[in-house]
file upload.cif (mmCIF, C-alpha atoms)
data_work
#
loop_
_atom_site.label_atom_id
_atom_site.label_comp_id
_atom_site.auth_asym_id
_atom_site.auth_seq_id
_atom_site.Cartn_x
_atom_site.Cartn_y
_atom_site.Cartn_z
CA MET A 30 3.98 -23.11 -8.23
CA SER A 31 5.09 -24.95 -5.13
CA MET A 32 6.71 -23.02 -2.26
CA SER A 33 8.47 -25.41 0.04
CA ASN A 34 10.93 -22.97 1.58
CA LEU A 35 11.69 -19.28 2.15
CA ARG A 36 13.89 -19.07 -0.96
CA ASP A 37 10.91 -20.11 -3.13
CA LEU A 38 8.74 -17.43 -1.52
CA TYR A 39 11.55 -14.86 -1.87
CA ILE A 40 11.73 -15.53 -5.63
CA ASN A 41 7.94 -15.44 -5.90
CA GLU A 42 7.83 -12.05 -4.17
CA LEU A 43 10.70 -10.67 -6.27
CA LYS A 44 8.83 -11.67 -9.46
CA ASP A 45 5.70 -9.95 -8.13
CA LEU A 46 7.71 -6.77 -7.48
CA TYR A 47 9.46 -6.88 -10.86
CA ASN A 48 6.09 -7.08 -12.57
CA ALA A 49 4.79 -4.26 -10.31
CA GLU A 50 7.70 -1.99 -11.27
CA ASN A 51 7.09 -2.66 -14.96
CA GLN A 52 3.38 -1.87 -14.60
CA LEU A 53 4.40 1.38 -12.91
CA ILE A 54 6.84 2.27 -15.72
CA LYS A 55 3.85 2.14 -18.09
CA ALA A 56 1.48 4.02 -15.75
CA LEU A 57 3.68 6.90 -14.54
CA PRO A 58 3.76 8.86 -17.85
CA GLN A 59 -0.05 8.84 -17.88
CA MET A 60 -0.15 10.18 -14.32
CA ALA A 61 2.39 12.91 -15.23
CA GLU A 62 0.38 13.91 -18.32
CA ASN A 63 -2.79 14.42 -16.29
CA THR A 64 -1.29 16.76 -13.70
CA THR A 65 -1.31 20.54 -13.98
CA ASN A 66 1.08 21.20 -11.08
CA ILE A 67 4.67 21.66 -12.33
CA ALA A 68 6.33 20.27 -9.19
CA LEU A 69 4.10 17.22 -9.28
CA ARG A 70 4.82 16.57 -12.95
CA ALA A 71 8.57 16.88 -12.27
CA ALA A 72 8.23 14.44 -9.35
CA PHE A 73 6.55 11.86 -11.60
CA ASP A 74 9.20 12.30 -14.33
CA GLU A 75 11.94 11.83 -11.74
CA HIS A 76 10.17 8.82 -10.24
CA LEU A 77 9.93 7.18 -13.66
CA LYS A 78 13.74 7.28 -13.94
CA LEU A 79 14.07 5.87 -10.41
CA THR A 80 11.53 3.12 -11.11
CA ARG A 81 13.55 1.99 -14.14
CA GLU A 82 16.59 1.83 -11.87
CA HIS A 83 14.64 -0.21 -9.30
CA ALA A 84 13.70 -2.69 -12.03
CA THR A 85 17.37 -2.93 -13.07
CA ARG A 86 18.38 -3.66 -9.47
CA LEU A 87 15.86 -6.49 -9.37
CA GLU A 88 17.33 -7.84 -12.65
CA THR A 89 20.77 -7.89 -10.99
CA ILE A 90 19.32 -9.99 -8.15
CA PHE A 91 17.59 -12.40 -10.58
CA GLU A 92 20.86 -12.87 -12.48
CA GLU A 93 22.63 -13.77 -9.25
CA LEU A 94 19.85 -16.21 -8.32
CA GLU A 95 19.96 -17.61 -11.88
CA VAL A 96 16.19 -17.45 -12.30
CA PRO A 97 14.18 -15.55 -14.93
CA PRO A 98 12.39 -12.41 -13.63
CA THR A 99 9.14 -13.14 -15.43
CA GLY A 100 6.06 -15.29 -14.92
CA LYS A 101 4.00 -13.43 -12.37
CA LYS A 102 1.40 -10.70 -12.61
CA CYS A 103 1.19 -8.37 -9.61
CA ILE A 104 -2.56 -8.21 -8.95
CA GLY A 105 -2.09 -5.75 -6.08
CA MET A 106 -0.34 -3.13 -8.22
CA ALA A 107 -2.82 -3.72 -11.06
CA GLY A 108 -5.65 -2.81 -8.65
CA LEU A 109 -3.88 0.33 -7.45
CA ILE A 110 -3.19 1.51 -11.00
CA GLU A 111 -6.78 0.78 -12.04
CA GLU A 112 -8.00 2.77 -9.03
CA GLY A 113 -5.80 5.71 -10.13
CA SER A 114 -7.08 5.48 -13.72
CA GLU A 115 -10.71 5.49 -12.57
CA MET A 116 -9.95 8.65 -10.60
CA LEU A 117 -8.58 10.30 -13.78
CA LYS A 118 -11.86 9.62 -15.57
CA GLU A 119 -13.94 11.54 -13.03
CA ASP A 120 -15.08 15.04 -13.80
CA ALA A 121 -12.86 17.17 -11.55
CA ASP A 122 -11.38 20.61 -11.15
CA PRO A 123 -7.65 20.47 -12.14
CA ASP A 124 -6.32 21.18 -8.62
CA VAL A 125 -8.71 18.63 -7.12
CA ARG A 126 -7.57 16.13 -9.75
CA ASP A 127 -3.93 16.78 -8.77
CA ALA A 128 -4.80 16.14 -5.12
CA ALA A 129 -6.53 12.89 -6.13
CA ILE A 130 -3.54 11.78 -8.24
CA ILE A 131 -1.21 12.37 -5.28
CA GLY A 132 -3.47 10.18 -3.14
CA ALA A 133 -3.29 7.39 -5.73
CA ALA A 134 0.48 7.76 -6.11
CA GLN A 135 1.05 7.55 -2.36
CA ARG A 136 -0.91 4.29 -2.25
CA VAL A 137 1.47 2.97 -4.94
CA GLU A 138 4.51 4.17 -2.96
CA HIS A 139 3.20 2.44 0.14
CA TYR A 140 2.66 -0.79 -1.79
CA ASP A 141 6.29 -0.68 -2.83
CA MET A 142 7.45 0.14 0.70
CA ALA A 143 5.59 -2.86 2.12
CA ALA A 144 6.81 -5.19 -0.63
CA TYR A 145 10.46 -4.06 -0.50
CA GLY A 146 10.37 -4.28 3.30
CA THR A 147 9.21 -7.90 2.99
CA VAL A 148 11.83 -9.01 0.43
CA ARG A 149 14.63 -7.15 2.23
CA THR A 150 13.75 -9.08 5.42
CA PHE A 151 13.73 -12.36 3.45
CA ALA A 152 17.13 -11.49 1.92
CA ASP A 153 18.53 -10.87 5.42
CA GLN A 154 17.16 -14.17 6.71
CA LEU A 155 18.56 -16.04 3.69
CA GLY A 156 22.00 -14.40 4.03
CA PHE A 157 21.88 -12.56 0.69
CA GLU A 158 23.72 -9.48 1.93
CA ASP A 159 24.22 -7.89 -1.51
CA HIS A 160 20.53 -8.25 -2.31
CA SER A 161 19.60 -6.78 1.06
CA ARG A 162 21.69 -3.66 0.36
CA LEU A 163 20.11 -3.15 -3.09
CA LEU A 164 16.58 -3.69 -1.76
CA GLU A 165 17.22 -1.38 1.20
CA GLN A 166 18.41 1.35 -1.20
CA THR A 167 15.19 1.08 -3.22
CA LEU A 168 13.12 1.05 -0.01
CA ARG A 169 14.75 4.32 1.15
CA GLU A 170 14.13 5.93 -2.26
CA GLU A 171 10.44 4.94 -2.16
CA GLU A 172 10.15 6.46 1.34
CA GLU A 173 11.77 9.68 0.08
CA ALA A 174 9.41 9.78 -2.92
CA ASP A 175 6.44 9.41 -0.56
CA LYS A 176 7.68 12.30 1.62
CA LEU A 177 8.18 14.50 -1.47
CA LEU A 178 4.57 13.81 -2.52
CA SER A 179 3.37 14.78 0.98
CA ARG A 180 5.23 18.12 0.65
CA ILE A 181 3.77 18.80 -2.80
CA ALA A 182 0.31 17.85 -1.48
CA GLU A 183 0.36 20.76 0.98
CA ASP A 184 0.39 23.31 -1.90
CA VAL A 185 -1.97 21.30 -4.08
CA ASN A 186 -4.54 20.81 -1.29
CA ARG A 187 -4.46 24.53 -0.49
CA GLU A 188 -5.19 25.33 -4.16
CA ALA A 189 -7.91 22.68 -4.29
CA GLU A 190 -9.55 24.02 -1.14
CA SER A 191 -9.59 27.62 -2.43
CA ARG A 192 -12.10 26.38 -5.04
CA ARG A 193 -14.61 26.10 -2.22
CA MET A 194 -14.67 29.87 -1.87
CA GLY A 195 -14.24 30.51 -5.63
CA MET B 17 -19.50 11.93 -9.77
CA SER B 18 -18.25 15.47 -10.14
CA MET B 19 -15.44 16.71 -7.87
CA SER B 20 -15.33 20.48 -8.00
CA ASN B 21 -13.58 21.06 -4.67
CA LEU B 22 -11.51 19.43 -1.94
CA ARG B 23 -14.58 18.58 0.15
CA ASP B 24 -15.96 16.45 -2.73
CA LEU B 25 -12.65 14.62 -3.02
CA TYR B 26 -12.49 14.17 0.77
CA ILE B 27 -15.92 12.50 0.77
CA ASN B 28 -14.95 10.39 -2.24
CA GLU B 29 -11.80 9.17 -0.45
CA LEU B 30 -13.69 8.51 2.80
CA LYS B 31 -16.20 6.35 0.90
CA ASP B 32 -13.32 4.45 -0.70
CA LEU B 33 -11.81 3.83 2.74
CA TYR B 34 -15.12 2.80 4.29
CA ASN B 35 -15.57 0.23 1.55
CA ALA B 36 -11.94 -0.90 2.00
CA GLU B 37 -12.45 -1.45 5.75
CA ASN B 38 -15.59 -3.48 5.09
CA GLN B 39 -13.79 -5.65 2.53
CA LEU B 40 -11.10 -6.22 5.14
CA ILE B 41 -13.65 -7.18 7.82
CA LYS B 42 -14.73 -10.00 5.46
CA ALA B 43 -11.17 -11.02 4.50
CA LEU B 44 -9.42 -11.04 7.89
CA PRO B 45 -11.12 -14.18 9.30
CA GLN B 46 -10.00 -16.10 6.20
CA MET B 47 -6.42 -14.93 6.70
CA ALA B 48 -6.54 -15.92 10.39
CA GLU B 49 -7.93 -19.37 9.52
CA ASN B 50 -5.07 -20.11 7.15
CA THR B 51 -2.26 -19.34 9.59
CA THR B 52 -0.57 -21.90 11.82
CA ASN B 53 1.37 -19.42 13.94
CA ILE B 54 -0.49 -18.63 17.18
CA ALA B 55 0.86 -15.07 17.54
CA LEU B 56 -0.08 -14.32 13.95
CA ARG B 57 -3.59 -15.67 14.37
CA ALA B 58 -4.02 -13.59 17.54
CA ALA B 59 -2.78 -10.50 15.67
CA PHE B 60 -5.39 -11.03 12.94
CA ASP B 61 -8.17 -11.57 15.50
CA GLU B 62 -7.16 -8.37 17.29
CA HIS B 63 -6.93 -6.48 13.99
CA LEU B 64 -10.45 -7.56 13.05
CA LYS B 65 -11.76 -5.86 16.21
CA LEU B 66 -9.73 -2.73 15.43
CA THR B 67 -10.91 -2.67 11.82
CA ARG B 68 -14.54 -2.72 12.99
CA GLU B 69 -13.70 0.25 15.22
CA HIS B 70 -12.06 2.07 12.28
CA ALA B 71 -15.23 1.57 10.23
CA THR B 72 -17.31 2.95 13.14
CA ARG B 73 -15.07 6.04 13.32
CA LEU B 74 -15.67 6.64 9.61
CA GLU B 75 -19.43 6.30 10.21
CA THR B 76 -19.16 9.06 12.87
CA ILE B 77 -17.47 11.30 10.29
CA PHE B 78 -20.13 10.54 7.65
CA GLU B 79 -22.88 11.39 10.12
CA GLU B 80 -21.27 14.74 10.84
CA LEU B 81 -20.90 15.42 7.10
CA GLU B 82 -24.52 14.30 6.59
CA VAL B 83 -23.64 12.06 3.65
CA PRO B 84 -24.21 8.31 3.29
CA PRO B 85 -21.02 6.19 3.62
CA THR B 86 -21.86 3.96 0.67
CA GLY B 87 -21.62 4.05 -3.12
CA LYS B 88 -17.98 3.33 -3.87
CA LYS B 89 -15.99 0.13 -4.35
CA CYS B 90 -12.35 0.31 -3.34
CA ILE B 91 -10.61 -1.29 -6.32
CA GLY B 92 -7.18 -0.96 -4.69
CA MET B 93 -8.14 -2.99 -1.60
CA ALA B 94 -9.96 -5.52 -3.80
CA GLY B 95 -6.69 -6.13 -5.70
CA LEU B 96 -4.69 -6.53 -2.50
CA ILE B 97 -7.18 -9.00 -1.03
CA GLU B 98 -7.30 -10.95 -4.31
CA GLU B 99 -3.49 -11.09 -4.31
CA GLY B 100 -3.56 -12.48 -0.77
CA SER B 101 -6.20 -15.07 -1.70
CA GLU B 102 -4.16 -16.23 -4.71
CA MET B 103 -1.21 -16.71 -2.36
CA LEU B 104 -3.36 -18.93 -0.10
CA LYS B 105 -4.17 -21.20 -3.04
CA GLU B 106 -0.51 -21.99 -3.74
CA ASP B 107 0.94 -25.23 -2.58
CA ALA B 108 3.18 -24.15 0.33
CA ASP B 109 4.80 -25.36 3.51
CA PRO B 110 2.79 -23.96 6.53
CA ASP B 111 5.61 -21.70 7.79
CA VAL B 112 6.24 -20.42 4.27
CA ARG B 113 2.52 -19.77 3.89
CA ASP B 114 2.54 -17.79 7.16
CA ALA B 115 5.45 -15.68 5.86
CA ALA B 116 3.51 -15.09 2.63
CA ILE B 117 0.34 -14.10 4.52
CA ILE B 118 2.32 -11.57 6.58
CA GLY B 119 3.64 -10.06 3.33
CA ALA B 120 0.09 -9.72 2.00
CA ALA B 121 -1.18 -8.27 5.30
CA GLN B 122 1.59 -5.66 5.41
CA ARG B 123 0.62 -4.49 1.91
CA VAL B 124 -2.94 -4.04 3.23
CA GLU B 125 -1.66 -2.11 6.27
CA HIS B 126 0.37 0.14 4.01
CA TYR B 127 -2.64 0.79 1.80
CA ASP B 128 -4.53 1.95 4.86
CA MET B 129 -1.61 4.06 6.07
CA ALA B 130 -1.41 5.87 2.72
CA ALA B 131 -5.18 6.36 2.51
CA TYR B 132 -5.62 7.55 6.11
CA GLY B 133 -2.61 9.87 5.69
CA THR B 134 -4.35 11.41 2.66
CA VAL B 135 -7.76 11.93 4.27
CA ARG B 136 -6.24 13.21 7.52
CA THR B 137 -4.35 15.87 5.49
CA PHE B 138 -7.60 16.79 3.68
CA ALA B 139 -9.42 17.05 7.03
CA ASP B 140 -6.70 19.42 8.32
CA GLN B 141 -6.90 21.57 5.20
CA LEU B 142 -10.71 21.71 5.43
CA GLY B 143 -10.66 22.60 9.14
CA PHE B 144 -12.40 19.40 10.33
CA GLU B 145 -10.41 19.10 13.54
CA ASP B 146 -12.55 16.33 15.08
CA HIS B 147 -12.24 14.23 11.93
CA SER B 148 -8.50 14.80 11.84
CA ARG B 149 -8.13 13.46 15.39
CA LEU B 150 -10.19 10.33 14.62
CA LEU B 151 -8.31 9.66 11.37
CA GLU B 152 -4.94 10.23 13.05
CA GLN B 153 -5.87 7.70 15.76
CA THR B 154 -6.65 5.08 13.12
CA LEU B 155 -3.46 5.92 11.22
CA ARG B 156 -1.36 5.34 14.37
CA GLU B 157 -3.13 2.01 15.02
CA GLU B 158 -2.43 0.86 11.46
CA GLU B 159 1.25 1.78 11.91
CA GLU B 160 1.36 -0.18 15.17
CA ALA B 161 -0.29 -3.20 13.50
CA ASP B 162 2.33 -3.08 10.74
CA LYS B 163 5.17 -3.02 13.31
CA LEU B 164 3.63 -5.97 15.18
CA LEU B 165 3.53 -7.97 11.92
CA SER B 166 7.22 -7.14 11.31
CA ARG B 167 8.06 -8.51 14.77
CA ILE B 168 6.06 -11.72 14.21
CA ALA B 169 7.70 -12.08 10.77
CA GLU B 170 11.12 -12.47 12.38
CA ASP B 171 10.08 -15.75 14.05
CA VAL B 172 8.03 -16.96 11.10
CA ASN B 173 10.82 -16.30 8.57
CA ARG B 174 13.30 -18.16 10.76
CA GLU B 175 10.96 -21.16 10.85
CA ALA B 176 10.35 -20.94 7.11
CA GLU B 177 14.06 -20.77 6.38
CA SER B 178 14.85 -23.80 8.51
CA ARG B 179 12.88 -25.80 5.89
CA ARG B 180 15.77 -25.21 3.54
CA MET B 181 17.99 -27.44 5.63
CA GLY B 182 15.11 -29.82 6.54
#

call {"tool": "encode", "arguments": {"input": "upload.cif", "output": "structure tokens"}}
result
Amino acid sequence: MSMSNLRDLYINELKDLYNAENQLIKALPQMAENTTNIALRAAFDEHLKLTREHATRLETIFEELEVPPTGKKCIGMAGLIEEGSEMLKEDADPDVRDAAIIGAAQRVEHYDMAAYGTVRTFADQLGFEDHSRLLEQTLREEEEADKLLSRIAEDVNREAESRRMG
Amino acid sequence: MSMSNLRDLYINELKDLYNAENQLIKALPQMAENTTNIALRAAFDEHLKLTREHATRLETIFEELEVPPTGKKCIGMAGLIEEGSEMLKEDADPDVRDAAIIGAAQRVEHYDMAAYGTVRTFADQLGFEDHSRLLEQTLREEEEADKLLSRIAEDVNREAESRRMG
């Protein structure tokens, strides 16, 4: 595709994000299934609901822009999800596996934070105030999800470390 | 590999990061070459120096742990760099390309922030205070680099948007 102005790039980035969210909707149940920590599993279940909402918000923006949301594969998210899947295949103690899954999930959260930060800034520059509000809301929710994972990690890491003495 | 405790996972994650930094050392000059904005190019040049320092800090940690730093490919960083390279191939106005490159670079910064946050937390849990300080220092520098890119983006996005009227 040709990108001759910021609006073209904005649409390109939104398509990338929409594809990323849909990849995540498929990957999150697998992450939840592989955890043994109840709080972590609940966090993934909750994040799946939120991710569906984030995708719906993007659909609202595409409707307003009158462009289809499809046509782009997010290579960045694909790499992050593949990295997480590889981690699941390794032979690991359950608590250590949980700690590893949190690490993978926080990389995904940070991808989303960077990407939503970028499109929100583009929306501001282009004067799409409604879009900016929706994107900002998603950005805040991703930041909260990341903080929740950091809190859960404290317990999980403690459990994982106790294996050293076990 | 088998990961039976947090120390194993810590080493696994450090190897992932060391590989990620080395991928970035190869990719940053290409990003710098493709920008037209002087401040952005200077930021990439500066970040290349910092990234080399971050890799050296990881080598210090590996020496202390008495394990080799090699043996893992960071799939997540590979995906992010591939995504950035794909963006460079698209037919784009120079200012729009700069805005796109900043978006790709901020995803890379966020990957590093998530990954360094994870290993720093592991180092704390494992009682590696010296490692924790080194990793924290890198984490802060990655956060600063991300903020600098956000500031440069303001000018670049304004230039890119002016193409709409052009």

call {"tool": "interface_residues", "arguments": {"input": "upload.cif", "of": "chain B", "to": "chain A", "cutoff": "7 Å", "atoms": "all atoms listed in the file", "output": "ChimeraX atom specification"}}
result
/B:17-22,25,91-92,95-96,99,106-109,112,119,122-123,126-127,130-131,134,141,173-174,176-177,179-180

call {"tool": "resolve_selection", "arguments": {"input": "upload.cif", "expression": "the PyMOL selection byres ((chain A and resi 101) around 7)", "output": "PyMOL selection string"}}
result
chain A and resi 44-45+48+99-100+102-103

call {"tool": "residues_near_point", "arguments": {"input": "upload.cif", "point": "(20.6, -5.5, 2.7)", "cutoff": "10 Å", "atoms": "all atoms listed in the file", "output": "PyMOL selection string"}}
result
chain A and resi 148-153+156-166

call {"tool": "atom_distance", "arguments": {"input": "upload.cif", "atom1": "atom CA of Glu69 of chain B", "atom2": "atom CA of Asn53 of chain B"}}
result
24.8 Å

call {"tool": "axis_aligned_box", "arguments": {"input": "upload.cif", "around": "segment 106-110 of chain A", "padding_each_side": "5 Å", "output": "lines of an AutoDock Vina configuration file"}}
result
center_x = -3.0
center_y = -1.1
center_z = -9.3
size_x = 15.3
size_y = 15.2
size_z = 13.6

call {"tool": "resolve_selection", "arguments": {"input": "upload.cif", "expression": "the PyMOL selection byres ((chain B and resi 85) around 7)", "output": "PDB file with C-alpha atoms, keeping the file's coordinate frame"}}
result
ATOM      1  CA  LYS B  31     -16.200   6.350   0.900  1.00  0.00           C
ATOM      2  CA  TYR B  34     -15.120   2.800   4.290  1.00  0.00           C
ATOM      3  CA  GLU B  75     -19.430   6.300  10.210  1.00  0.00           C
ATOM      4  CA  PHE B  78     -20.130  10.540   7.650  1.00  0.00           C
ATOM      5  CA  VAL B  83     -23.640  12.060   3.650  1.00  0.00           C
ATOM      6  CA  PRO B  84     -24.210   8.310   3.290  1.00  0.00           C
ATOM      7  CA  THR B  86     -21.860   3.960   0.670  1.00  0.00           C
TER       8      THR B  86
END

call {"tool": "residues_around", "arguments": {"input": "upload.cif", "residues": "His63 of chain B", "least_positions_apart": "2", "cutoff": "10 Å", "atoms": "only C-alpha atoms", "output": "MDAnalysis selection string"}}
result
chainID B and resid 40:41 44:45 57:61 65:69 157:158 161

call {"tool": "atom_distance", "arguments": {"input": "upload.cif", "atom1": "atom CA of Glu93 of chain A", "atom2": "atom CA of Thr167 of chain A"}}
result
17.7 Å

call {"tool": "atom_distance", "arguments": {"input": "upload.cif", "atom1": "atom CA of Leu104 of chain B", "atom2": "atom CA of Leu87 of chain A"}}
result
24.7 Å

call {"tool": "closest_residue", "arguments": {"input": "upload.cif", "among": "A:Glu62, A:Ile130, A:Glu95, A:Thr85", "to": "Ile40 of chain A", "atoms": "all atoms listed in the file"}}
result
A:Glu95
